[in-house]
>>> print(open('data.cif').read())   # mmCIF, C-alpha atoms
data_query
loop_
_atom_site.label_atom_id
_atom_site.label_comp_id
_atom_site.auth_asym_id
_atom_site.auth_seq_id
_atom_site.Cartn_x
_atom_site.Cartn_y
_atom_site.Cartn_z
CA MET A 18 -14.56 3.57 -1.19
CA SER A 19 -18.13 2.62 -0.46
CA MET A 20 -20.54 0.97 -2.87
CA SER A 21 -23.82 2.69 -3.48
CA ARG A 22 -26.84 2.35 -5.72
CA ALA A 23 -28.00 4.89 -8.27
CA ARG A 24 -30.14 4.92 -11.36
CA PHE A 25 -28.16 4.52 -14.55
CA PRO A 26 -28.15 8.04 -15.95
CA LYS A 27 -29.67 7.44 -19.37
CA LEU A 28 -29.33 11.03 -20.39
CA LEU A 29 -25.60 10.65 -20.32
CA ARG A 30 -25.81 8.03 -23.06
CA ALA A 31 -26.45 10.85 -25.50
CA VAL A 32 -23.17 12.46 -24.65
CA GLY A 33 -20.09 10.46 -25.45
CA VAL A 34 -17.58 12.54 -23.60
CA ALA A 35 -18.34 15.38 -21.24
CA ALA A 36 -15.36 17.08 -19.70
CA ALA A 37 -15.40 19.35 -16.70
CA VAL A 38 -12.73 21.01 -14.66
CA CYS A 39 -13.37 20.20 -11.04
CA ALA A 40 -11.45 22.10 -8.42
CA GLY A 41 -12.40 19.48 -5.85
CA ALA A 42 -10.45 16.84 -7.72
CA ALA A 43 -7.27 18.13 -6.12
CA LEU A 44 -7.97 15.83 -3.20
CA ALA A 45 -8.51 12.75 -5.35
CA PRO A 46 -6.37 9.89 -4.07
CA THR A 47 -3.73 8.08 -5.98
CA VAL A 48 -4.22 4.35 -6.15
CA SER A 49 -0.84 3.04 -7.10
CA ALA A 50 1.96 1.04 -5.57
CA HIS A 51 3.37 0.34 -8.98
CA HIS A 52 4.06 3.70 -10.55
CA SER A 53 3.46 7.39 -10.17
CA PHE A 54 0.15 8.83 -11.29
CA ALA A 55 1.84 12.06 -12.30
CA SER A 56 0.90 11.50 -15.94
CA PHE A 57 -2.79 12.06 -15.13
CA ASP A 58 -4.39 15.48 -14.78
CA ARG A 59 -5.83 15.24 -11.32
CA THR A 60 -7.49 18.65 -11.61
CA LYS A 61 -9.77 17.44 -14.39
CA LYS A 62 -12.57 14.91 -14.53
CA VAL A 63 -13.92 13.48 -17.75
CA THR A 64 -17.17 11.54 -17.92
CA LEU A 65 -17.09 8.64 -20.36
CA THR A 66 -20.28 6.86 -21.44
CA GLY A 67 -19.65 3.75 -23.44
CA THR A 68 -19.41 0.00 -23.80
CA VAL A 69 -16.96 -2.27 -22.01
CA LYS A 70 -14.60 -3.99 -24.43
CA ASP A 71 -12.27 -5.67 -21.95
CA PHE A 72 -11.76 -5.91 -18.21
CA GLN A 73 -8.21 -6.80 -17.15
CA TRP A 74 -8.45 -8.06 -13.56
CA THR A 75 -4.71 -7.98 -12.93
CA ASN A 76 -2.09 -6.77 -10.51
CA PRO A 77 -0.61 -4.31 -10.03
CA HIS A 78 -3.58 -2.53 -11.62
CA ALA A 79 -6.85 -3.54 -13.15
CA TRP A 80 -7.75 -1.94 -16.49
CA ILE A 81 -11.09 -1.33 -18.15
CA GLN A 82 -11.19 -0.81 -21.92
CA VAL A 83 -14.29 1.17 -22.92
CA THR A 84 -15.46 2.09 -26.40
CA VAL A 85 -16.87 5.61 -26.27
CA PRO A 86 -18.88 7.04 -29.19
CA ASP A 87 -19.04 10.75 -29.85
CA ASP A 88 -21.98 12.68 -31.27
CA LYS A 89 -20.65 12.19 -34.82
CA GLY A 90 -20.67 8.44 -34.59
CA GLN A 91 -16.94 8.10 -34.18
CA ALA A 92 -15.75 5.71 -31.47
CA THR A 93 -12.67 6.08 -29.29
CA GLU A 94 -11.35 3.32 -27.09
CA TRP A 95 -10.31 4.52 -23.66
CA GLY A 96 -8.07 2.68 -21.24
CA ILE A 97 -9.13 3.22 -17.64
CA GLU A 98 -6.67 2.35 -14.90
CA CYS A 99 -7.93 1.15 -11.53
CA GLY A 100 -6.16 0.15 -8.33
CA SER A 101 -4.95 -3.31 -7.47
CA PRO A 102 -7.62 -6.04 -7.52
CA ASN A 103 -6.51 -6.68 -3.93
CA MET A 104 -7.70 -3.20 -3.02
CA MET A 105 -10.76 -3.48 -5.22
CA VAL A 106 -12.14 -6.67 -3.66
CA ARG A 107 -11.89 -5.01 -0.26
CA THR A 108 -14.01 -2.12 -1.50
CA GLY A 109 -16.91 -3.85 -3.20
CA TRP A 110 -15.53 -5.05 -6.52
CA LYS A 111 -15.78 -8.55 -8.00
CA LYS A 112 -14.04 -9.74 -11.13
CA THR A 113 -17.51 -10.38 -12.55
CA ALA A 114 -18.53 -6.74 -12.07
CA LEU A 115 -17.80 -5.99 -15.72
CA LYS A 116 -18.00 -8.00 -18.92
CA PRO A 117 -17.67 -7.07 -22.57
CA GLY A 118 -20.80 -5.37 -23.84
CA ASP A 119 -21.78 -3.77 -20.53
CA GLN A 120 -22.90 -0.16 -20.68
CA VAL A 121 -21.06 2.00 -18.15
CA VAL A 122 -20.47 5.60 -17.17
CA ALA A 123 -16.94 6.23 -15.92
CA VAL A 124 -15.50 9.39 -14.43
CA VAL A 125 -11.73 9.56 -14.90
CA ASN A 126 -8.77 11.85 -14.48
CA PRO A 127 -7.44 11.95 -18.06
CA LEU A 128 -3.84 11.83 -19.22
CA LEU A 129 -2.16 15.21 -19.36
CA ASP A 130 -1.06 14.61 -22.95
CA GLY A 131 -4.57 14.14 -24.28
CA ARG A 132 -4.36 10.48 -25.25
CA PRO A 133 -7.40 8.37 -24.30
CA ASN A 134 -6.35 6.91 -20.98
CA GLY A 135 -7.69 7.84 -17.58
CA SER A 136 -7.35 7.08 -13.90
CA LEU A 137 -10.68 5.84 -12.57
CA VAL A 138 -12.53 8.06 -10.10
CA THR A 139 -15.93 6.32 -10.16
CA ILE A 140 -17.76 3.98 -12.48
CA THR A 141 -21.51 3.40 -12.68
CA LEU A 142 -22.34 -0.11 -13.78
CA ALA A 143 -25.36 -1.04 -15.90
CA ASP A 144 -27.33 -2.00 -12.79
CA GLY A 145 -26.62 1.34 -11.15
CA THR A 146 -23.89 0.16 -8.82
CA VAL A 147 -21.26 2.83 -8.29
CA LEU A 148 -17.70 1.71 -7.58
CA GLY A 149 -14.43 3.52 -6.99
CA PRO A 150 -10.93 2.72 -8.18
CA GLY A 151 -10.00 0.48 -5.23
CA ASP A 152 -8.68 2.00 -2.09
CA ALA A 153 -7.70 1.32 1.49
CA PRO A 154 -9.75 -1.27 3.36
CA PRO A 155 -12.84 0.26 4.92
CA PRO A 156 -11.62 1.78 8.20
CA ARG A 157 -12.54 0.34 11.54
CA PRO A 158 -12.96 2.56 14.57
CA LEU A 159 -10.34 2.24 17.24
CA GLY A 160 -11.47 -0.30 19.80
CA SER A 161 -12.99 -2.72 17.31
CA SER A 162 -9.96 -4.84 16.43
CA THR A 163 -8.88 -7.25 19.12
CA ARG A 164 -6.22 -9.91 19.31
CA SER A 165 -7.62 -13.06 17.81
CA GLN A 166 -4.57 -15.29 17.79
CA MET B 10 -11.69 -9.42 2.13
CA GLN B 11 -13.72 -10.47 5.12
CA ARG B 12 -12.82 -13.62 6.95
CA ALA B 13 -15.49 -15.43 8.89
CA ALA B 14 -13.33 -17.99 10.67
CA ARG B 15 -11.38 -15.91 13.16
CA ARG B 16 -10.76 -19.06 15.19
CA SER B 17 -8.38 -20.44 12.63
CA SER B 18 -6.12 -17.42 12.45
CA GLY B 19 -3.55 -18.79 14.89
CA LEU B 20 -3.25 -21.98 12.89
CA ILE B 21 -3.01 -19.98 9.71
CA ALA B 22 -0.14 -17.98 11.17
CA SER B 23 1.65 -21.17 12.18
CA CYS B 24 1.13 -22.69 8.77
CA LEU B 25 2.35 -19.53 7.03
CA LEU B 26 5.47 -19.69 9.12
CA ALA B 27 5.84 -23.35 8.18
CA ALA B 28 5.48 -22.38 4.54
CA LEU B 29 8.24 -19.85 5.04
CA GLY B 30 10.40 -22.54 6.57
CA VAL B 31 10.63 -21.02 10.01
CA ALA B 32 8.26 -23.12 12.14
CA SER B 33 6.11 -26.21 12.19
CA CYS B 34 2.40 -26.13 11.55
CA GLY B 35 0.79 -26.37 14.99
CA THR B 36 -2.55 -26.54 16.68
CA PRO B 37 -4.40 -23.31 17.22
CA GLU B 38 -4.87 -22.08 20.73
CA ALA B 39 -8.17 -22.80 22.40
CA GLY B 40 -10.73 -20.08 21.97
CA GLY B 41 -9.75 -17.37 19.61
CA GLU B 42 -13.18 -16.08 18.70
CA SER B 43 -12.97 -12.35 18.98
CA PRO B 44 -16.23 -10.78 20.09
CA ALA B 45 -16.20 -7.03 20.05
CA SER B 46 -16.26 -7.03 23.84
CA ALA B 47 -13.09 -9.10 24.18
CA THR B 48 -10.12 -7.28 25.63
CA ALA B 49 -6.97 -7.32 23.61
CA ASN B 50 -4.79 -8.13 26.58
CA ALA B 51 -6.64 -11.36 27.27
CA ALA B 52 -4.38 -13.32 24.94
CA PRO B 53 -1.26 -14.75 26.58
CA LYS B 54 2.19 -13.48 25.77
CA THR B 55 4.86 -16.13 25.40
CA ALA B 56 8.33 -16.30 23.91
CA THR B 57 6.79 -16.75 20.48
CA ASP B 58 3.59 -14.85 21.08
CA ARG B 59 4.24 -11.27 22.00
CA GLY B 60 1.01 -10.30 20.33
CA LEU B 61 2.62 -9.17 17.11
CA THR B 62 1.40 -11.99 14.88
CA GLY B 63 -1.42 -10.81 12.69
CA VAL B 64 -2.43 -8.54 9.85
CA TRP B 65 -1.94 -4.82 10.32
CA VAL B 66 -3.15 -1.91 8.19
CA PRO B 67 -1.17 1.34 8.17
CA ILE B 68 -2.96 4.21 9.84
CA GLY B 69 -3.73 7.27 7.75
CA SER B 70 -5.13 8.01 4.34
CA PHE B 71 -4.17 9.89 1.22
CA GLU B 72 -6.15 12.89 2.40
CA ASP B 73 -4.86 12.63 5.96
CA PRO B 74 -1.47 10.87 6.00
CA ALA B 75 -1.00 11.42 9.73
CA GLY B 76 -4.27 9.79 10.71
CA PRO B 77 -6.32 10.61 13.77
CA SER B 78 -4.73 11.57 17.06
CA PRO B 79 -3.46 10.56 19.51
CA TRP B 80 -1.78 7.76 17.54
CA SER B 81 -0.79 9.81 14.51
CA ASN B 82 2.02 9.19 12.07
CA THR B 83 4.84 11.69 12.40
CA PRO B 84 4.72 14.06 9.41
CA TRP B 85 7.70 13.78 7.10
CA PRO B 86 10.00 16.74 7.82
CA ARG B 87 9.46 19.63 5.45
CA ASN B 88 13.14 20.60 5.62
CA PRO B 89 15.09 17.37 5.91
CA PRO B 90 18.69 17.58 7.13
CA PHE B 91 20.01 16.55 3.72
CA THR B 92 23.65 16.31 2.84
CA PRO B 93 24.36 17.64 -0.67
CA ALA B 94 24.22 14.07 -1.95
CA GLY B 95 20.91 13.51 -0.16
CA ALA B 96 19.40 16.68 -1.62
CA ALA B 97 20.45 15.66 -5.11
CA GLU B 98 19.03 12.15 -4.76
CA SER B 99 15.79 13.56 -3.34
CA GLN B 100 15.41 15.75 -6.40
CA ARG B 101 16.17 12.85 -8.70
CA LEU B 102 13.51 10.69 -7.05
CA ASP B 103 11.02 13.56 -7.29
CA ASP B 104 11.19 13.39 -11.08
CA HIS B 105 8.53 11.06 -12.39
CA SER B 106 10.62 10.24 -15.44
CA ASN B 107 13.26 8.61 -13.23
CA PHE B 108 11.02 6.01 -11.67
CA THR B 109 11.41 2.33 -12.29
CA ALA B 110 8.16 0.48 -11.85
CA CYS B 111 7.93 -2.40 -9.41
CA THR B 112 11.16 -1.74 -7.57
CA PRO B 113 10.99 -2.81 -3.91
CA GLY B 114 10.57 -0.14 -1.30
CA GLY B 115 13.22 -0.88 1.30
CA PRO B 116 12.72 -1.29 5.05
CA VAL B 117 11.25 2.16 5.78
CA PHE B 118 8.76 2.13 2.91
CA HIS B 119 7.87 -1.43 4.00
CA MET B 120 6.67 0.09 7.29
CA TRP B 121 5.02 3.17 5.85
CA GLU B 122 2.79 3.06 2.82
CA ILE B 123 -0.37 4.50 4.23
CA GLY B 124 -3.68 2.75 4.12
CA ILE B 125 -3.86 0.75 1.00
CA PHE B 126 -1.69 -2.33 1.56
CA PRO B 127 -1.59 -4.32 4.81
CA ILE B 128 1.42 -5.98 6.38
CA GLN B 129 1.53 -9.23 8.34
CA LEU B 130 3.79 -10.02 11.26
CA LEU B 131 4.58 -13.66 12.02
CA GLU B 132 6.41 -14.63 15.18
CA ALA B 133 8.69 -17.68 15.22
CA PRO B 134 11.15 -18.85 17.87
CA ASP B 135 14.16 -17.41 16.08
CA GLN B 136 12.77 -14.59 13.98
CA ILE B 137 9.87 -12.30 13.27
CA VAL B 138 8.83 -12.06 9.64
CA ILE B 139 7.11 -8.98 8.26
CA VAL B 140 5.30 -9.60 5.00
CA ARG B 141 4.03 -6.66 3.02
CA GLU B 142 1.24 -7.45 0.60
CA ALA B 143 2.59 -5.34 -2.23
CA SER B 144 6.11 -6.71 -1.95
CA GLY B 145 7.40 -10.15 -2.67
CA ILE B 146 10.31 -9.56 -0.31
CA PRO B 147 9.64 -10.07 3.41
CA ARG B 148 11.66 -8.51 6.20
CA ARG B 149 13.24 -11.14 8.43
CA ILE B 150 14.16 -9.92 11.89
CA TYR B 151 16.37 -12.46 13.62
CA THR B 152 15.70 -12.64 17.34
CA ASP B 153 17.96 -15.57 18.24
CA GLY B 154 20.85 -13.44 19.44
CA ARG B 155 22.91 -13.43 16.29
CA GLY B 156 24.61 -10.28 15.07
CA HIS B 157 24.91 -8.84 11.61
CA PRO B 158 27.24 -10.65 9.20
CA PRO B 159 30.78 -9.28 8.96
CA GLU B 160 30.96 -6.42 6.51
CA ASP B 161 32.90 -8.45 3.98
CA GLU B 162 30.23 -11.18 4.07
CA MET B 163 27.24 -8.88 3.94
CA VAL B 164 25.15 -9.21 0.81
CA ALA B 165 23.48 -5.86 0.24
CA THR B 166 19.73 -6.29 -0.27
CA TRP B 167 16.60 -4.21 -0.73
CA ASN B 168 15.41 -4.67 2.86
CA GLY B 169 18.83 -5.16 4.45
CA HIS B 170 19.75 -7.45 7.34
CA SER B 171 17.74 -7.08 10.54
CA ILE B 172 18.29 -8.33 14.08
CA GLY B 173 15.91 -7.83 16.97
CA THR B 174 16.20 -7.75 20.74
CA TRP B 175 13.53 -7.28 23.37
CA ASP B 176 13.73 -4.27 25.67
CA GLY B 177 10.82 -5.16 27.94
CA ASP B 178 7.78 -5.08 25.67
CA VAL B 179 9.64 -3.15 22.99
CA LEU B 180 11.18 -4.98 20.04
CA VAL B 181 14.33 -3.11 19.06
CA VAL B 182 15.21 -3.81 15.43
CA ASP B 183 18.58 -2.94 13.98
CA THR B 184 18.91 -2.95 10.20
CA VAL B 185 21.97 -2.50 7.99
CA GLY B 186 23.09 -3.90 4.65
CA THR B 187 20.60 -2.20 2.32
CA ASN B 188 21.51 -1.72 -1.32
CA GLY B 189 20.47 1.94 -1.56
CA LYS B 190 18.39 1.35 -4.68
CA ALA B 191 14.91 1.41 -3.15
CA ARG B 192 12.21 3.88 -4.06
CA ALA B 193 11.64 7.01 -2.00
CA ALA B 194 10.82 6.02 1.59
CA ASN B 195 7.80 8.32 1.65
CA GLY B 196 6.41 7.56 -1.79
CA VAL B 197 3.52 5.37 -2.72
CA GLY B 198 4.39 4.18 -6.16
CA SER B 199 7.99 4.42 -7.16
CA ASN B 200 8.81 8.05 -6.52
CA ALA B 201 5.12 8.90 -6.41
CA LYS B 202 3.67 11.50 -4.16
CA VAL B 203 1.26 10.23 -1.55
CA SER B 204 -1.43 12.41 -3.06
CA SER B 205 -1.87 15.54 -5.08
CA ILE B 206 -1.60 17.54 -1.86
CA ASP B 207 1.74 15.90 -1.04
CA ASP B 208 4.56 18.31 -1.75
CA ASP B 209 7.01 16.92 0.79
CA PRO B 210 10.52 16.29 -0.49
CA ARG B 211 11.27 12.68 -1.38
CA PHE B 212 13.29 10.79 1.25
CA PRO B 213 16.07 8.72 -0.31
CA LEU B 214 17.94 6.02 1.59
CA SER B 215 21.50 5.00 0.72
CA ASP B 216 23.60 1.89 1.18
CA GLN B 217 24.87 3.53 4.38
CA LEU B 218 21.46 3.28 6.07
CA HIS B 219 21.46 2.20 9.70
CA LEU B 220 17.83 1.92 10.73
CA VAL B 221 16.91 1.46 14.39
CA GLU B 222 13.26 0.75 15.13
CA ARG B 223 11.34 0.36 18.37
CA LEU B 224 8.14 -1.61 17.88
CA ARG B 225 5.54 -1.92 20.61
CA LEU B 226 1.84 -2.50 21.05
CA VAL B 227 -0.24 0.44 22.21
CA ALA B 228 -3.92 1.32 22.57
CA ASN B 229 -4.82 -1.90 24.37
CA ASP B 230 -2.68 -3.85 21.91
CA GLU B 231 -4.84 -2.79 18.98
CA LEU B 232 -2.18 -0.58 17.42
CA LEU B 233 1.41 -1.34 16.52
CA GLU B 234 3.76 1.60 16.97
CA ASP B 235 6.98 1.66 14.98
CA GLU B 236 9.45 4.36 15.93
CA LEU B 237 12.00 4.58 13.14
CA ALA B 238 15.35 6.29 13.60
CA ILE B 239 16.87 6.76 10.15
CA ASN B 240 20.63 7.11 10.39
CA ASP B 241 22.12 7.61 6.97
CA PRO B 242 25.25 9.78 6.95
CA LYS B 243 25.50 9.67 3.18
CA PHE B 244 22.16 11.45 2.73
CA TYR B 245 21.37 13.07 6.12
CA THR B 246 23.45 15.16 8.52
CA GLU B 247 21.49 13.91 11.53
CA PRO B 248 19.00 11.12 12.29
CA VAL B 249 15.43 11.45 11.09
CA VAL B 250 13.05 9.99 13.66
CA LEU B 251 9.44 9.12 12.84
CA LYS B 252 6.60 7.15 14.37
CA HIS B 253 4.27 5.11 12.19
CA TYR B 254 1.16 3.29 13.35
CA PHE B 255 -0.71 0.21 12.19
CA GLN B 256 -4.13 -1.07 13.25
CA ARG B 257 -4.70 -4.77 13.95
CA ARG B 258 -7.10 -6.11 11.31
CA PRO B 259 -8.01 -9.78 11.86
CA ASP B 260 -10.79 -9.31 9.30
CA ILE B 261 -8.31 -8.93 6.44
CA ASP B 262 -6.20 -11.51 4.65
CA ILE B 263 -2.92 -10.76 2.94
CA LEU B 264 -3.33 -11.52 -0.76
CA GLU B 265 -0.76 -12.36 -3.39
CA TYR B 266 0.50 -9.41 -5.41
CA PHE B 267 2.92 -9.82 -8.28
CA CYS B 268 3.76 -6.47 -9.76
CA GLY B 269 4.66 -7.90 -13.14
CA ASP B 270 1.34 -9.54 -14.00
CA ASN B 271 0.24 -6.56 -16.07
CA PRO B 272 3.10 -4.13 -16.63
CA ARG B 273 0.97 -1.36 -18.14
CA ALA B 274 1.75 2.01 -16.64
CA GLY B 275 -0.79 4.80 -16.55
CA ASP B 276 0.27 6.40 -19.82
CA ASP B 277 0.50 3.11 -21.70
CA THR B 278 -2.24 3.24 -24.30
CA ALA B 279 -0.93 0.27 -26.28
CA LYS B 280 -3.94 -1.85 -25.45
CA ALA B 281 -6.35 1.01 -25.91
CA THR B 282 -6.16 1.01 -29.69
CA PRO B 283 -5.43 -2.53 -30.92
#
>>> encode(input="data.cif", output="structure tokens")
Amino acid sequence: MSMSRARFPKLLRAVGVAAAVCAGAALAPTVSAHHSFASFDRTKKVTLTGTVKDFQWTNPHAWIQVTVPDDKGQATEWGIECGSPNMMVRTGWKKTALKPGDQVVAVVNPLLDGRPNGSLVTITLADGTVLGPGDAPPPRPLGSSTRSQ
Amino acid sequence: MQRAARRSSGLIASCLLAALGVASCGTPEAGGESPASATANAAPKTATDRGLTGVWVPIGSFEDPAGPSPWSNTPWPRNPPFTPAGAAESQRLDDHSNFTACTPGGPVFHMWEIGIFPIQLLEAPDQIVIVREASGIPRRIYTDGRGHPPEDEMVATWNGHSIGTWDGDVLVVDTVGTNGKARAANGVGSNAKVSSIDDDPRFPLSDQLHLVERLRLVANDELLEDELAINDPKFYTEPVVLKHYFQRRPDIDILEYFCGDNPRAGDDTAKATP
């Protein structure tokens, strides 16, 4: 999962939760060695705009707690599951990437049962950095890895 | 995680072996810097350096589990030669509600999980240790000529008991003594599908597993090939033979991974609404 830069989409602040069915999400990877991700609806992506409440930088999965307001002023706390921090540090993450109070926009595959948890697809940090859930190490082309011992 | 000091990797391997109680912590070999132009075969091969020591990342990805040709993982058979017991256990493992989080994977899963978690091979005079980042249980392959323990002294374990012999440049690994409780051999998480496009049947392994592997270096020693012959008469009517590939990755370190640090599963919202 590569790291890229983008402007923080301010317009999305006005919309607490925007859901969209995305046929392309069928190819979204799982990120788990710990449990099945069958409880998430991998055909659906939900965009969450809110404030970080907690960032659990833990194995087997990191979790981001985000408080998401709706257009009526009601707030819902979402739990967002990431991959292992081991995978995340290999794909651009640092444990300092998030802190309570940060404004973020997260795209998640939500739980099938409607409760406010999601499996992270991408998250846009306050500075515009876009990160994924943690994934395989960036690939190297064949011929680039030699014996070093 | 990128590592700048390639030169120290041999010493690190020796020290890791020392930490595991299988070797002393020695002096690294001269040289060791690995410019892109270096040829893989330049390193010497000795009794304890067959070129296996190092970190290896499984080839393939969630979207493409086989990986690029010509060194592609063998697809899992779509119609496995299940016995009735094997078919029933496959169906049980396919049910998400039957998974138990954090269970070890067993010796086949240890050598499979595509992409995300690396393994590390460490060569010692009497054994080769295979550490898998996402497992606290290494595989120990004894290469000192011993056999398996007598059946009445065998302690059944998650990864079983492994002995290895060299057939030229091929390490032949014979494994028995598994406990039959491991997760599906072709899962990612316990019982999990590799991806949402994965509709292969789950591959269970029983306590009757007799796994025979042939490991060798290919592609100018950059890839590790593991041919796995799964003999399990309790669950399969004939052997299932697969080839899995790993790429040498001296730029990556194996990190600690304890599955119980944060036991939340995906549908656990307990901390979402304190």
>>> closest_residue(input="data.cif", among="A:Leu115, A:Gly109, A:Ala153, A:Leu159", to="Glu122 (chain B)", atoms="all atoms listed in the file")
A:Ala153
>>> closest_residue(input="data.cif", among="B:Leu61, B:Val140, B:Leu214, B:Leu233", to="Ser81 (chain B)", atoms="only C-alpha atoms")
B:Leu233
>>> resolve_selection(input="data.cif", expression="the PyMOL selection byres ((chain B and resi 114-117) around 6)", output="CSV table (one decimal) with C-alpha atoms, in the coordinates of the input")
chain,number,residue,atom,x,y,z
B,113,PRO,CA,11.0,-2.8,-3.9
B,118,PHE,CA,8.8,2.1,2.9
B,119,HIS,CA,7.9,-1.4,4.0
B,120,MET,CA,6.7,0.1,7.3
B,167,TRP,CA,16.6,-4.2,-0.7
B,168,ASN,CA,15.4,-4.7,2.9
B,191,ALA,CA,14.9,1.4,-3.2
B,192,ARG,CA,12.2,3.9,-4.1
B,194,ALA,CA,10.8,6.0,1.6
>>> residues_around(input="data.cif", residues="region 67-79 of chain A", least_positions_apart="6", cutoff="9 Å", atoms="all atoms listed in the file", output="ChimeraX atom specification")
/A:30,33,48-51,85-86,94,97-103,105,112,115-123,150 /B:111,143,266-274
>>> closest_residue(input="data.cif", among="B:Thr174, B:Thr166, B:Asn229, B:Gln129", to="Arg141 (chain B)", atoms="all atoms listed in the file")
B:Gln129
>>> atom_distance(input="data.cif", atom1="CA of Glu222 (chain B)", atom2="CA of Gly173 (chain B)")
9.2 Å
>>> closest_residue(input="data.cif", among="B:Asn88, B:Gln100, B:Asn195, B:Asn240", to="chain A", atoms="only C-alpha atoms")
B:Asn195
>>> atom_distance(input="data.cif", atom1="CA of Asp209 (chain B)", atom2="CA of Ser136 (chain A)")
22.8 Å
>>> resolve_selection(input="data.cif", expression="the PyMOL selection byres ((chain B and resi 216) around 9)", output="list in words")
Ala165, Val185, Gly186, Thr187, Asn188, Gly189, Lys190, Leu214, Ser215, Gln217, Leu218, His219, Asp241 and Lys243 of chain B
>>> resolve_selection(input="data.cif", expression="the PyMOL selection byres ((chain A and resi 130-134) around 9)", output="number ranges by chain")
A: 56-58, 93-98, 125-129, 135-136; B: 275-278, 281
>>> residues_around(input="data.cif", residues="Gly156 (chain B)", least_positions_apart="6", cutoff="12 Å", atoms="only C-alpha atoms", output="PDB file with C-alpha atoms, in the frame of the given file")
ATOM      1  CA  ILE B 150      14.160  -9.920  11.890  1.00  0.00           C
ATOM      2  CA  MET B 163      27.240  -8.880   3.940  1.00  0.00           C
ATOM      3  CA  HIS B 170      19.750  -7.450   7.340  1.00  0.00           C
ATOM      4  CA  SER B 171      17.740  -7.080  10.540  1.00  0.00           C
ATOM      5  CA  ILE B 172      18.290  -8.330  14.080  1.00  0.00           C
ATOM      6  CA  GLY B 173      15.910  -7.830  16.970  1.00  0.00           C
ATOM      7  CA  THR B 174      16.200  -7.750  20.740  1.00  0.00           C
ATOM      8  CA  VAL B 182      15.210  -3.810  15.430  1.00  0.00           C
ATOM      9  CA  ASP B 183      18.580  -2.940  13.980  1.00  0.00           C
ATOM     10  CA  THR B 184      18.910  -2.950  10.200  1.00  0.00           C
ATOM     11  CA  VAL B 185      21.970  -2.500   7.990  1.00  0.00           C
TER      12      VAL B 185
END
